[in-house]
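S.K.: Following this line is protein01.cif, made up of mmCIF, C-alpha atoms:
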```cif
data_data
#
loop_
_atom_site.group_PDB
_atom_site.id
_atom_site.type_symbol
_atom_site.label_atom_id
_atom_site.label_comp_id
_atom_site.auth_asym_id
_atom_site.auth_seq_id
_atom_site.Cartn_x
_atom_site.Cartn_y
_atom_site.Cartn_z
ATOM 1 C CA MET A 1 51.683 10.000 27.277
ATOM 2 C CA SER A 2 53.656 8.390 24.515
ATOM 3 C CA ALA A 3 53.215 9.372 20.868
ATOM 4 C CA GLU A 4 51.711 5.950 20.149
ATOM 5 C CA ALA A 5 49.202 6.328 22.956
ATOM 6 C CA VAL A 6 48.172 9.798 21.742
ATOM 7 C CA THR A 7 47.727 8.471 18.219
ATOM 8 C CA ALA A 8 45.650 5.580 19.479
ATOM 9 C CA ASP A 9 43.544 7.906 21.607
ATOM 10 C CA LEU A 10 42.897 10.314 18.743
ATOM 11 C CA GLY A 11 42.365 7.633 16.182
ATOM 12 C CA HIS A 12 39.794 5.497 17.896
ATOM 13 C CA ALA A 13 37.579 7.300 20.331
ATOM 14 C CA ALA A 14 34.197 6.122 21.468
ATOM 15 C CA ASP A 15 31.754 8.818 22.452
ATOM 16 C CA GLU A 16 29.162 8.666 25.196
ATOM 17 C CA HIS A 17 26.520 7.357 22.779
ATOM 18 C CA GLY A 18 28.647 4.354 22.129
ATOM 19 C CA HIS A 19 29.544 5.526 18.638
ATOM 20 C CA ASP A 20 32.960 4.142 17.924
ATOM 21 C CA GLU A 21 34.356 6.832 15.685
ATOM 22 C CA HIS A 22 37.646 8.053 14.438
ATOM 23 C CA ALA A 23 38.577 11.476 15.743
ATOM 24 C CA THR A 24 38.421 14.181 13.099
ATOM 25 C CA THR A 25 39.710 17.733 12.884
ATOM 26 C CA THR A 26 36.152 19.084 13.092
ATOM 27 C CA GLY A 27 35.028 16.755 15.846
ATOM 28 C CA LEU A 28 32.272 15.610 13.500
ATOM 29 C CA SER A 29 31.771 12.292 11.801
ATOM 30 C CA HIS A 30 33.031 12.655 8.246
ATOM 31 C CA THR A 31 30.722 9.873 7.084
ATOM 32 C CA LYS A 32 27.707 11.739 8.387
ATOM 33 C CA LEU A 33 28.954 15.024 6.974
ATOM 34 C CA ALA A 34 29.488 13.339 3.598
ATOM 35 C CA MET A 35 25.914 12.033 3.673
ATOM 36 C CA TRP A 36 24.577 15.530 4.340
ATOM 37 C CA VAL A 37 26.647 16.958 1.473
ATOM 38 C CA PHE A 38 25.353 14.141 -0.754
ATOM 39 C CA LEU A 39 21.764 14.910 0.257
ATOM 40 C CA GLY A 40 22.377 18.596 -0.504
ATOM 41 C CA SER A 41 23.507 17.597 -4.000
ATOM 42 C CA GLU A 42 20.462 15.334 -4.368
ATOM 43 C CA CYS A 43 18.295 18.448 -3.909
ATOM 44 C CA LEU A 44 19.762 19.683 -7.194
ATOM 45 C CA LEU A 45 18.950 16.401 -8.951
ATOM 46 C CA PHE A 46 15.335 16.314 -7.814
ATOM 47 C CA GLY A 47 15.007 20.080 -8.260
ATOM 48 C CA GLY A 48 15.921 19.607 -11.916
ATOM 49 C CA LEU A 49 13.465 16.751 -12.390
ATOM 50 C CA ILE A 50 10.618 18.575 -10.639
ATOM 51 C CA SER A 51 11.276 21.756 -12.642
ATOM 52 C CA THR A 52 11.274 19.783 -15.874
ATOM 53 C CA TYR A 53 7.903 18.279 -15.006
ATOM 54 C CA LEU A 54 6.475 21.695 -14.065
ATOM 55 C CA LEU A 55 7.605 23.072 -17.421
ATOM 56 C CA TYR A 56 6.172 20.175 -19.420
ATOM 57 C CA LYS A 57 3.097 19.188 -17.407
ATOM 58 C CA THR A 58 0.649 20.736 -19.891
ATOM 59 C CA ARG A 59 2.442 19.562 -23.036
ATOM 60 C CA GLY A 60 0.282 16.649 -24.040
ATOM 61 C CA ASN A 61 0.577 16.913 -27.823
ATOM 62 C CA GLY A 62 -3.151 16.253 -28.001
ATOM 63 C CA ARG A 63 -2.926 13.060 -25.948
ATOM 64 C CA THR A 64 -3.807 12.190 -22.360
ATOM 65 C CA LEU A 65 -1.842 14.029 -19.676
ATOM 66 C CA PRO A 66 -0.652 12.373 -16.443
ATOM 67 C CA THR A 67 -2.839 14.814 -14.475
ATOM 68 C CA ASP A 68 -5.921 13.401 -16.266
ATOM 69 C CA VAL A 69 -5.347 9.935 -14.826
ATOM 70 C CA PHE A 70 -4.091 10.733 -11.310
ATOM 71 C CA ASP A 71 -5.749 8.635 -8.613
ATOM 72 C CA ILE A 72 -5.333 10.971 -5.630
ATOM 73 C CA PRO A 73 -6.960 8.739 -2.970
ATOM 74 C CA PHE A 74 -4.653 5.854 -3.946
ATOM 75 C CA THR A 75 -1.526 8.050 -4.028
ATOM 76 C CA SER A 76 -2.539 9.551 -0.681
ATOM 77 C CA VAL A 77 -2.424 6.103 0.913
ATOM 78 C CA SER A 78 1.026 5.480 -0.633
ATOM 79 C CA SER A 79 2.212 8.845 0.689
ATOM 80 C CA PHE A 80 0.931 8.019 4.156
ATOM 81 C CA VAL A 81 2.727 4.652 4.084
ATOM 82 C CA LEU A 82 6.035 6.304 3.141
ATOM 83 C CA LEU A 83 5.546 8.966 5.810
ATOM 84 C CA MET A 84 4.994 6.314 8.478
ATOM 85 C CA SER A 85 8.125 4.487 7.309
ATOM 86 C CA SER A 86 10.074 7.527 8.507
ATOM 87 C CA LEU A 87 8.657 6.916 11.974
ATOM 88 C CA THR A 88 9.675 3.241 11.964
ATOM 89 C CA MET A 89 13.122 4.248 10.670
ATOM 90 C CA VAL A 90 13.732 6.675 13.503
ATOM 91 C CA LEU A 91 12.435 4.101 16.011
ATOM 92 C CA ALA A 92 14.926 1.594 14.570
ATOM 93 C CA LEU A 93 17.772 4.035 15.160
ATOM 94 C CA SER A 94 16.517 4.736 18.651
ATOM 95 C CA ALA A 95 16.392 1.020 19.473
ATOM 96 C CA VAL A 96 19.832 0.262 18.035
ATOM 97 C CA SER A 97 21.284 3.271 19.913
ATOM 98 C CA ARG A 98 19.923 1.795 23.146
ATOM 99 C CA GLY A 99 21.439 -1.587 22.326
ATOM 100 C CA GLU A 100 18.063 -3.260 21.767
ATOM 101 C CA ALA A 101 19.045 -5.388 18.792
ATOM 102 C CA GLU A 102 15.773 -7.274 18.392
ATOM 103 C CA ALA A 103 13.620 -4.136 18.489
ATOM 104 C CA GLY A 104 16.025 -2.470 16.068
ATOM 105 C CA ARG A 105 15.695 -5.408 13.672
ATOM 106 C CA THR A 106 11.912 -5.320 13.885
ATOM 107 C CA TRP A 107 11.725 -1.605 13.089
ATOM 108 C CA LEU A 108 14.254 -1.952 10.260
ATOM 109 C CA LEU A 109 12.182 -4.750 8.737
ATOM 110 C CA ALA A 110 8.987 -2.720 9.195
ATOM 111 C CA THR A 111 10.608 0.235 7.413
ATOM 112 C CA ALA A 112 11.721 -1.969 4.511
ATOM 113 C CA LEU A 113 8.235 -3.516 4.275
ATOM 114 C CA LEU A 114 6.547 -0.101 4.233
ATOM 115 C CA GLY A 115 9.017 0.965 1.536
ATOM 116 C CA GLY A 116 8.097 -2.194 -0.375
ATOM 117 C CA VAL A 117 4.393 -1.339 -0.089
ATOM 118 C CA PHE A 118 5.128 2.131 -1.479
ATOM 119 C CA ILE A 119 7.059 0.665 -4.427
ATOM 120 C CA GLY A 120 4.293 -1.861 -5.038
ATOM 121 C CA GLY A 121 1.835 1.023 -5.138
ATOM 122 C CA GLN A 122 4.025 2.881 -7.599
ATOM 123 C CA VAL A 123 4.257 -0.156 -9.885
ATOM 124 C CA TYR A 124 0.457 -0.483 -9.745
ATOM 125 C CA GLU A 125 0.049 3.235 -10.498
ATOM 126 C CA PHE A 126 2.430 3.082 -13.481
ATOM 127 C CA THR A 127 0.639 0.002 -14.833
ATOM 128 C CA ALA A 128 -2.761 1.699 -14.463
ATOM 129 C CA PHE A 129 -1.454 4.821 -16.243
ATOM 130 C CA VAL A 130 -0.161 2.792 -19.179
ATOM 131 C CA ARG A 131 -3.533 0.990 -19.433
ATOM 132 C CA GLU A 132 -5.211 4.404 -19.569
ATOM 133 C CA GLY A 133 -2.954 5.581 -22.390
ATOM 134 C CA VAL A 134 -0.210 7.450 -20.526
ATOM 135 C CA ALA A 135 3.113 5.737 -21.182
ATOM 136 C CA PHE A 136 6.697 7.010 -20.953
ATOM 137 C CA THR A 137 6.804 8.201 -24.564
ATOM 138 C CA THR A 138 3.200 9.376 -24.912
ATOM 139 C CA ASN A 139 4.066 13.060 -24.632
ATOM 140 C CA PRO A 140 6.618 15.394 -22.968
ATOM 141 C CA ALA A 141 4.452 15.608 -19.824
ATOM 142 C CA SER A 142 4.328 11.836 -19.345
ATOM 143 C CA SER A 143 8.080 11.496 -20.019
ATOM 144 C CA ALA A 144 8.845 14.110 -17.354
ATOM 145 C CA PHE A 145 6.373 12.509 -14.918
ATOM 146 C CA PHE A 146 7.728 8.964 -15.285
ATOM 147 C CA THR A 147 11.333 10.187 -15.106
ATOM 148 C CA LEU A 148 10.685 12.104 -11.878
ATOM 149 C CA THR A 149 8.631 9.483 -10.061
ATOM 150 C CA GLY A 150 10.769 6.677 -11.495
ATOM 151 C CA PHE A 151 13.951 8.266 -10.148
ATOM 152 C CA HIS A 152 12.281 8.607 -6.774
ATOM 153 C CA GLY A 153 11.199 4.968 -6.913
ATOM 154 C CA VAL A 154 14.788 3.898 -7.644
ATOM 155 C CA HIS A 155 15.922 5.873 -4.597
ATOM 156 C CA VAL A 156 13.318 4.132 -2.416
ATOM 157 C CA SER A 157 14.399 0.747 -3.822
ATOM 158 C CA LEU A 158 18.060 1.464 -3.020
ATOM 159 C CA GLY A 159 16.960 2.468 0.470
ATOM 160 C CA ILE A 160 15.185 -0.871 0.876
ATOM 161 C CA VAL A 161 18.384 -2.685 -0.165
ATOM 162 C CA MET A 162 20.328 -0.711 2.471
ATOM 163 C CA LEU A 163 17.708 -1.458 5.127
ATOM 164 C CA MET A 164 17.757 -5.177 4.345
ATOM 165 C CA SER A 165 21.567 -5.132 4.489
ATOM 166 C CA LEU A 166 21.321 -3.646 7.979
ATOM 167 C CA PHE A 167 18.703 -6.250 8.898
ATOM 168 C CA VAL A 168 20.972 -9.086 7.773
ATOM 169 C CA ALA A 169 23.954 -7.526 9.563
ATOM 170 C CA SER A 170 21.847 -7.332 12.711
ATOM 171 C CA LEU A 171 20.819 -10.983 12.379
ATOM 172 C CA LYS A 172 24.503 -11.888 12.198
ATOM 173 C CA GLY A 173 25.189 -9.807 15.310
ATOM 174 C CA ARG A 174 27.232 -7.242 13.429
ATOM 175 C CA LEU A 175 24.894 -4.314 14.090
ATOM 176 C CA THR A 176 25.383 -3.165 17.637
ATOM 177 C CA GLN A 177 25.262 0.015 19.683
ATOM 178 C CA ARG A 178 28.853 0.721 18.645
ATOM 179 C CA ASN A 179 27.925 1.178 14.993
ATOM 180 C CA ALA A 180 24.544 2.854 15.463
ATOM 181 C CA GLU A 181 25.836 5.666 13.279
ATOM 182 C CA THR A 182 25.525 3.363 10.253
ATOM 183 C CA VAL A 183 21.802 3.099 10.967
ATOM 184 C CA GLU A 184 21.631 6.863 11.415
ATOM 185 C CA ILE A 185 23.253 7.459 8.015
ATOM 186 C CA VAL A 186 20.917 5.041 6.232
ATOM 187 C CA GLY A 187 18.104 6.765 8.140
ATOM 188 C CA LEU A 188 19.157 10.170 6.815
ATOM 189 C CA TYR A 189 18.955 8.816 3.281
ATOM 190 C CA TRP A 190 15.545 7.269 3.980
ATOM 191 C CA HIS A 191 14.115 10.451 5.510
ATOM 192 C CA PHE A 192 15.418 12.441 2.551
ATOM 193 C CA VAL A 193 13.565 10.140 0.172
ATOM 194 C CA ASP A 194 10.451 10.774 2.282
ATOM 195 C CA ILE A 195 11.016 14.541 2.181
ATOM 196 C CA VAL A 196 11.307 14.455 -1.611
ATOM 197 C CA TRP A 197 7.993 12.606 -1.796
ATOM 198 C CA ILE A 198 6.363 15.187 0.496
ATOM 199 C CA PHE A 199 7.367 17.747 -2.121
ATOM 200 C CA ILE A 200 6.311 15.630 -5.115
ATOM 201 C CA PHE A 201 2.942 14.725 -3.580
ATOM 202 C CA THR A 202 2.013 18.372 -3.067
ATOM 203 C CA VAL A 203 3.541 19.998 -6.147
ATOM 204 C CA ILE A 204 2.835 17.271 -8.706
ATOM 205 C CA TYR A 205 -0.323 15.583 -7.445
ATOM 206 C CA LEU A 206 -2.286 18.012 -5.254
ATOM 207 C CA ILE A 207 -1.707 21.458 -6.737
ATOM 208 C CA PRO A 208 -4.081 21.766 -9.712
ATOM 209 C CA ALA A 209 -2.386 21.747 -13.121
ATOM 210 C CA ASP A 210 -4.187 24.813 -14.491
ATOM 211 C CA MET B 211 25.971 3.775 25.188
ATOM 212 C CA SER B 212 26.344 5.307 28.557
ATOM 213 C CA ASP B 213 23.669 5.338 31.208
ATOM 214 C CA THR B 214 23.254 9.076 30.657
ATOM 215 C CA ALA B 215 22.354 8.608 27.032
ATOM 216 C CA THR B 216 20.008 5.764 27.854
ATOM 217 C CA SER B 217 18.135 7.886 30.331
ATOM 218 C CA GLU B 218 17.714 10.575 27.675
ATOM 219 C CA HIS B 219 15.842 8.096 25.527
ATOM 220 C CA SER B 220 13.582 7.018 28.332
ATOM 221 C CA GLU B 221 12.325 10.500 29.091
ATOM 222 C CA PRO B 222 8.704 11.047 28.113
ATOM 223 C CA GLU B 223 9.319 14.307 26.301
ATOM 224 C CA ALA B 224 11.911 15.455 23.832
ATOM 225 C CA ALA B 225 15.307 16.123 25.273
ATOM 226 C CA GLU B 226 16.528 19.687 25.323
ATOM 227 C CA HIS B 227 18.368 21.022 22.330
ATOM 228 C CA HIS B 228 22.067 20.775 22.961
ATOM 229 C CA ASP B 229 23.897 23.350 20.908
ATOM 230 C CA ASP B 230 27.512 22.450 21.290
ATOM 231 C CA GLY B 231 28.649 24.715 18.484
ATOM 232 C CA GLY B 232 31.244 22.418 17.091
ATOM 233 C CA HIS B 233 30.964 18.870 18.343
ATOM 234 C CA GLU B 234 28.231 16.394 17.699
ATOM 235 C CA GLU B 235 29.205 14.132 20.572
ATOM 236 C CA GLY B 236 26.811 14.326 23.477
ATOM 237 C CA HIS B 237 23.818 15.636 21.514
ATOM 238 C CA ALA B 238 20.503 14.529 22.932
ATOM 239 C CA HIS B 239 17.926 12.732 20.805
ATOM 240 C CA PRO B 240 14.180 12.856 21.460
ATOM 241 C CA SER B 241 12.306 10.030 23.118
ATOM 242 C CA ASP B 242 10.338 7.459 21.086
ATOM 243 C CA TRP B 243 7.117 9.035 22.325
ATOM 244 C CA ALA B 244 8.187 12.412 20.903
ATOM 245 C CA TYR B 245 8.770 10.747 17.516
ATOM 246 C CA VAL B 246 5.303 9.185 17.629
ATOM 247 C CA LYS B 247 3.745 12.569 18.412
ATOM 248 C CA ILE B 248 5.553 14.137 15.435
ATOM 249 C CA ALA B 249 4.312 11.284 13.218
ATOM 250 C CA VAL B 250 0.727 11.911 14.383
ATOM 251 C CA VAL B 251 1.083 15.599 13.455
ATOM 252 C CA LEU B 252 2.498 14.624 10.046
ATOM 253 C CA ALA B 253 -0.385 12.202 9.460
ATOM 254 C CA ALA B 254 -2.918 14.876 10.424
ATOM 255 C CA ILE B 255 -1.383 17.398 8.020
ATOM 256 C CA THR B 256 -1.379 14.772 5.240
ATOM 257 C CA ALA B 257 -5.062 14.092 5.913
ATOM 258 C CA LEU B 258 -5.772 17.819 5.667
ATOM 259 C CA GLU B 259 -3.829 17.984 2.383
ATOM 260 C CA VAL B 260 -5.884 15.152 0.923
ATOM 261 C CA PHE B 261 -9.036 16.856 2.246
ATOM 262 C CA THR B 262 -8.311 19.815 -0.072
ATOM 263 C CA TYR B 263 -8.657 17.485 -3.050
ATOM 264 C CA PHE B 264 -12.347 16.958 -2.397
ATOM 265 C CA GLU B 265 -13.655 20.357 -3.457
ATOM 266 C CA THR B 266 -17.266 19.311 -2.868
ATOM 267 C CA VAL B 267 -16.576 19.281 0.865
ATOM 268 C CA LEU B 268 -15.010 22.730 1.055
ATOM 269 C CA ASP B 269 -14.050 25.185 -1.652
ATOM 270 C CA TRP B 270 -10.616 26.537 -0.741
ATOM 271 C CA GLY B 271 -10.652 29.098 -3.560
ATOM 272 C CA VAL B 272 -7.489 31.172 -3.918
ATOM 273 C CA ALA B 273 -6.246 29.883 -0.564
ATOM 274 C CA LEU B 274 -5.744 26.375 -1.951
ATOM 275 C CA VAL B 275 -2.218 26.655 -3.386
ATOM 276 C CA PRO B 276 -0.746 28.786 -0.538
ATOM 277 C CA SER B 277 -2.328 26.402 2.010
ATOM 278 C CA LEU B 278 -0.906 23.320 0.288
ATOM 279 C CA ILE B 279 2.553 24.887 0.060
ATOM 280 C CA PHE B 280 2.416 25.910 3.724
ATOM 281 C CA MET B 281 1.449 22.382 4.802
ATOM 282 C CA MET B 282 4.201 20.918 2.625
ATOM 283 C CA VAL B 283 6.800 23.221 4.184
ATOM 284 C CA VAL B 284 5.640 22.322 7.703
ATOM 285 C CA LYS B 285 5.925 18.580 6.931
ATOM 286 C CA PHE B 286 9.333 19.102 5.330
ATOM 287 C CA TYR B 287 10.509 21.063 8.384
ATOM 288 C CA LEU B 288 9.229 18.495 10.890
ATOM 289 C CA VAL B 289 10.891 15.552 9.139
ATOM 290 C CA ALA B 290 14.191 17.414 8.656
ATOM 291 C CA THR B 291 14.423 18.811 12.178
ATOM 292 C CA TRP B 292 13.037 15.894 14.220
ATOM 293 C CA PHE B 293 13.493 12.679 12.252
ATOM 294 C CA MET B 294 16.770 13.780 10.632
ATOM 295 C CA HIS B 295 17.869 15.332 13.930
ATOM 296 C CA LEU B 296 18.883 18.697 12.453
ATOM 297 C CA ARG B 297 17.325 20.284 15.527
ATOM 298 C CA PHE B 298 19.761 18.447 17.779
ATOM 299 C CA ASP B 299 22.844 17.859 15.637
ATOM 300 C CA ASN B 300 25.700 20.143 14.797
ATOM 301 C CA LYS B 301 24.637 23.137 12.715
ATOM 302 C CA LEU B 302 27.207 22.349 10.014
ATOM 303 C CA PHE B 303 25.127 19.358 8.855
ATOM 304 C CA GLY B 304 22.093 21.570 8.419
ATOM 305 C CA ARG B 305 24.121 24.189 6.583
ATOM 306 C CA MET B 306 25.412 21.613 4.085
ATOM 307 C CA PHE B 307 21.875 20.464 3.368
ATOM 308 C CA THR B 308 20.403 23.967 3.307
ATOM 309 C CA ALA B 309 23.108 25.131 0.883
ATOM 310 C CA GLY B 310 22.072 22.464 -1.630
ATOM 311 C CA LEU B 311 18.380 23.102 -1.039
ATOM 312 C CA VAL B 312 18.602 26.893 -1.398
ATOM 313 C CA LEU B 313 20.797 26.562 -4.493
ATOM 314 C CA ALA B 314 18.362 24.097 -6.059
ATOM 315 C CA VAL B 315 15.250 26.152 -5.281
ATOM 316 C CA GLY B 316 16.959 29.386 -6.424
ATOM 317 C CA VAL B 317 18.302 28.005 -9.695
ATOM 318 C CA TYR B 318 15.053 26.313 -10.631
ATOM 319 C CA LEU B 319 12.859 29.242 -9.684
ATOM 320 C CA VAL B 320 14.955 31.378 -12.024
ATOM 321 C CA THR B 321 14.635 28.711 -14.732
ATOM 322 C CA LEU B 322 10.868 28.540 -14.314
ATOM 323 C CA THR B 323 10.518 32.321 -14.470
ATOM 324 C CA VAL B 324 12.583 32.328 -17.662
ATOM 325 C CA PHE B 325 10.081 30.008 -19.342
ATOM 326 C CA GLU B 326 7.067 31.742 -17.808
ATOM 327 C CA PHE B 327 7.873 35.415 -18.266
ATOM 328 C CA TRP B 328 10.936 35.997 -20.443
ATOM 329 C CA VAL B 329 10.257 33.813 -23.459
#
```
Here is a file; write its structure as structure tokens.

M.R.:
Amino acid sequence: MSAEAVTADLGHAADEHGHDEHATTTGLSHTKLAMWVFLGSECLLFGGLISTYLLYKTRGNGRTLPTDVFDIPFTSVSSFVLLMSSLTMVLALSAVSRGEAEAGRTWLLATALLGGVFIGGQVYEFTAFVREGVAFTTNPASSAFFTLTGFHGVHVSLGIVMLMSLFVASLKGRLTQRNAETVEIVGLYWHFVDIVWIFIFTVIYLIPAD
Amino acid sequence: MSDTATSEHSEPEAAEHHDDGGHEEGHAHPSDWAYVKIAVVLAAITALEVFTYFETVLDWGVALVPSLIFMMVVKFYLVATWFMHLRFDNKLFGRMFTAGLVLAVGVYLVTLTVFEFWV
């Protein structure tokens, strides 16, 4: 085999799943590895925000605390919606991996819509809190709460942008079986956002403050 | 995708874990039905979590916080291993994520104990 042929073979190999990847020294996709490292670092970001809230959650300075105005039944529905969006996300990846473009598009759109419902719920919750006297600068507890849940909301919103980008790419025929890994990487990000909410829902909302 | 991979997706149950030790190529993913079953379990656990909020139905007492944390960990584990494919992918991905997670939990537990017990 000539040197050029070896280079071509190493540099552009398609695996049995149809992933068209560049060969790497580890045999692993560097893009996917980078996403996992990024998600590992995101644990530190959200760990810091959650810890800050736990430290400040009772510091109300004589004013209303976020825990006083929590609407658990409403937040439970939002949590369920986000949880189910992880199912539609993984079904989207499954469909794209099988080469079923239309099904993949449908599941991607469903995931983005469920994410949108979650964000809508968060906007409603924030608005209701402000009406009840808990705003960003009301006290240290409210600042920590809005910072934590706001950061999570921004992550969900970025995820929706990524999902819609994939949806548009699919409409244009640019999202095929060959680049299913792109869907998988966006999916990893989306599931991580869901995992963070699983943590927030239990630690911030369900576990009693006292 | 090859026919082999396609057939893996059409199987009614989850495909067997393929531990290749160093290469992600060829790993098997679960079937759609397996994902749906995991989602049903997640929904059931979430319902149970919300159930704990209504103390008039059942008083959980001192078991409340440990139960909630246990359910949270189970949900976390199911999403990470099944939906994020850590169960089927190369172990290095999981190690990268776990490193960040353990570091975060460790550092912040120490921080919280500082404020709780040392000050």

S.K.: Evaluate the PyMOL selection byres ((chain A and resi 175-183) around 6) here and jot the selected residues down as a ChimeraX atom specification.

M.R.: /A:18-20,93,96-97,99,169-170,173-174,184-187

S.K.: Please write as an mmCIF file with C-alpha atoms, in the frame of the given file the full residue list that the PyMOL selection byres ((chain A) within 7 of (chain B)) yields on this file.

M.R.:
```
data_model
loop_
_atom_site.group_PDB
_atom_site.id
_atom_site.type_symbol
_atom_site.label_atom_id
_atom_site.label_comp_id
_atom_site.auth_asym_id
_atom_site.auth_seq_id
_atom_site.Cartn_x
_atom_site.Cartn_y
_atom_site.Cartn_z
ATOM 1 C CA ASP A 15 31.754 8.818 22.452
ATOM 2 C CA GLU A 16 29.162 8.666 25.196
ATOM 3 C CA HIS A 17 26.520 7.357 22.779
ATOM 4 C CA GLY A 18 28.647 4.354 22.129
ATOM 5 C CA GLY A 27 35.028 16.755 15.846
ATOM 6 C CA LEU A 28 32.272 15.610 13.500
ATOM 7 C CA LEU A 33 28.954 15.024 6.974
ATOM 8 C CA TRP A 36 24.577 15.530 4.340
ATOM 9 C CA VAL A 37 26.647 16.958 1.473
ATOM 10 C CA LEU A 39 21.764 14.910 0.257
ATOM 11 C CA GLY A 40 22.377 18.596 -0.504
ATOM 12 C CA SER A 41 23.507 17.597 -4.000
ATOM 13 C CA CYS A 43 18.295 18.448 -3.909
ATOM 14 C CA LEU A 44 19.762 19.683 -7.194
ATOM 15 C CA GLY A 47 15.007 20.080 -8.260
ATOM 16 C CA GLY A 48 15.921 19.607 -11.916
ATOM 17 C CA SER A 51 11.276 21.756 -12.642
ATOM 18 C CA SER A 76 -2.539 9.551 -0.681
ATOM 19 C CA PHE A 80 0.931 8.019 4.156
ATOM 20 C CA MET A 84 4.994 6.314 8.478
ATOM 21 C CA LEU A 87 8.657 6.916 11.974
ATOM 22 C CA VAL A 90 13.732 6.675 13.503
ATOM 23 C CA LEU A 91 12.435 4.101 16.011
ATOM 24 C CA ARG A 98 19.923 1.795 23.146
ATOM 25 C CA GLN A 177 25.262 0.015 19.683
ATOM 26 C CA LEU A 188 19.157 10.170 6.815
ATOM 27 C CA HIS A 191 14.115 10.451 5.510
ATOM 28 C CA ILE A 195 11.016 14.541 2.181
ATOM 29 C CA ILE A 198 6.363 15.187 0.496
ATOM 30 C CA PHE A 199 7.367 17.747 -2.121
ATOM 31 C CA THR A 202 2.013 18.372 -3.067
ATOM 32 C CA LEU A 206 -2.286 18.012 -5.254
ATOM 33 C CA ILE A 207 -1.707 21.458 -6.737
#
```

S.K.: B:Val324, B:Leu296, B:Leu268, B:Leu258: which is nearest Phe280 (chain B), counting only C-alpha atoms?

M.R.: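 Looking only at the distances to Phe280 (chain B), the closest residue turns out to be B:Leu258.
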
S.K.: For region 143-145 of chain A, work out the shell of residues within 7 Å, counting all atoms listed in the file and skipping chain neighbours fewer than 5 positions away, then give it as a list in words.

M.R.: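 The residues satisfying every condition are Thr52, Tyr53, Tyr56, Phe136 and Thr137 of chain A.
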
S.K.: Could you tell me how far CA of Tyr205 (chain A) sits from CA of Phe70 (chain A), in Å to one decimal place?

M.R.: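 For CA of Phe70 (chain A) relative to CA of Tyr205 (chain A), the distance reads 7.3 Å.
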
S.K.: Which residue, A:Val134, A:Ala128, A:Leu82, A:Met89, has the smallest gap to Leu114 (chain A) when you use all atoms listed in the file?

M.R.: A:Leu82

S.K.: What is the CA of His152 (chain A) to CA of Phe46 (chain A) distance in Å?

M.R.: 8.4 Å

S.K.: Could you state the separation of CA of Phe129 (chain A) and CA of Pro66 (chain A) in Å, given to one decimal place?

M.R.: 7.6 Å

S.K.: Convert the output of the PyMOL selection byres ((chain A and resi 126) around 12) on the shown file into explicit residues, formatted as a VMD selection string.

M.R.: chain A and resid 66 69 to 71 75 119 to 125 127 to 136 142 145 to 147 149 to 150 153

S.K.: Of the residues A:Ser94, A:Arg63, A:Ile72, A:Leu148, which is the one nearest to Ala244 (chain B), using all atoms listed in the file?

M.R.: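 Nearest candidate to Ala244 (chain B) out of A:Ser94, A:Arg63, A:Ile72, A:Leu148: A:Ser94.
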
S.K.: Could you check the closest approach to Lys57 (chain A) for each of A:Asn139, A:Ser86, A:Thr24, A:Ser165 and tell me which residue wins, using all atoms listed in the file?

M.R.: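 Checking each candidate against Lys57 (chain A), we get A:Asn139 as the closest.
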
S.K.: Between A:His155, A:Lys32, A:Arg105, A:Arg59, which one has atoms that come closest to Phe192 (chain A), using only C-alpha atoms?

M.R.: A:His155
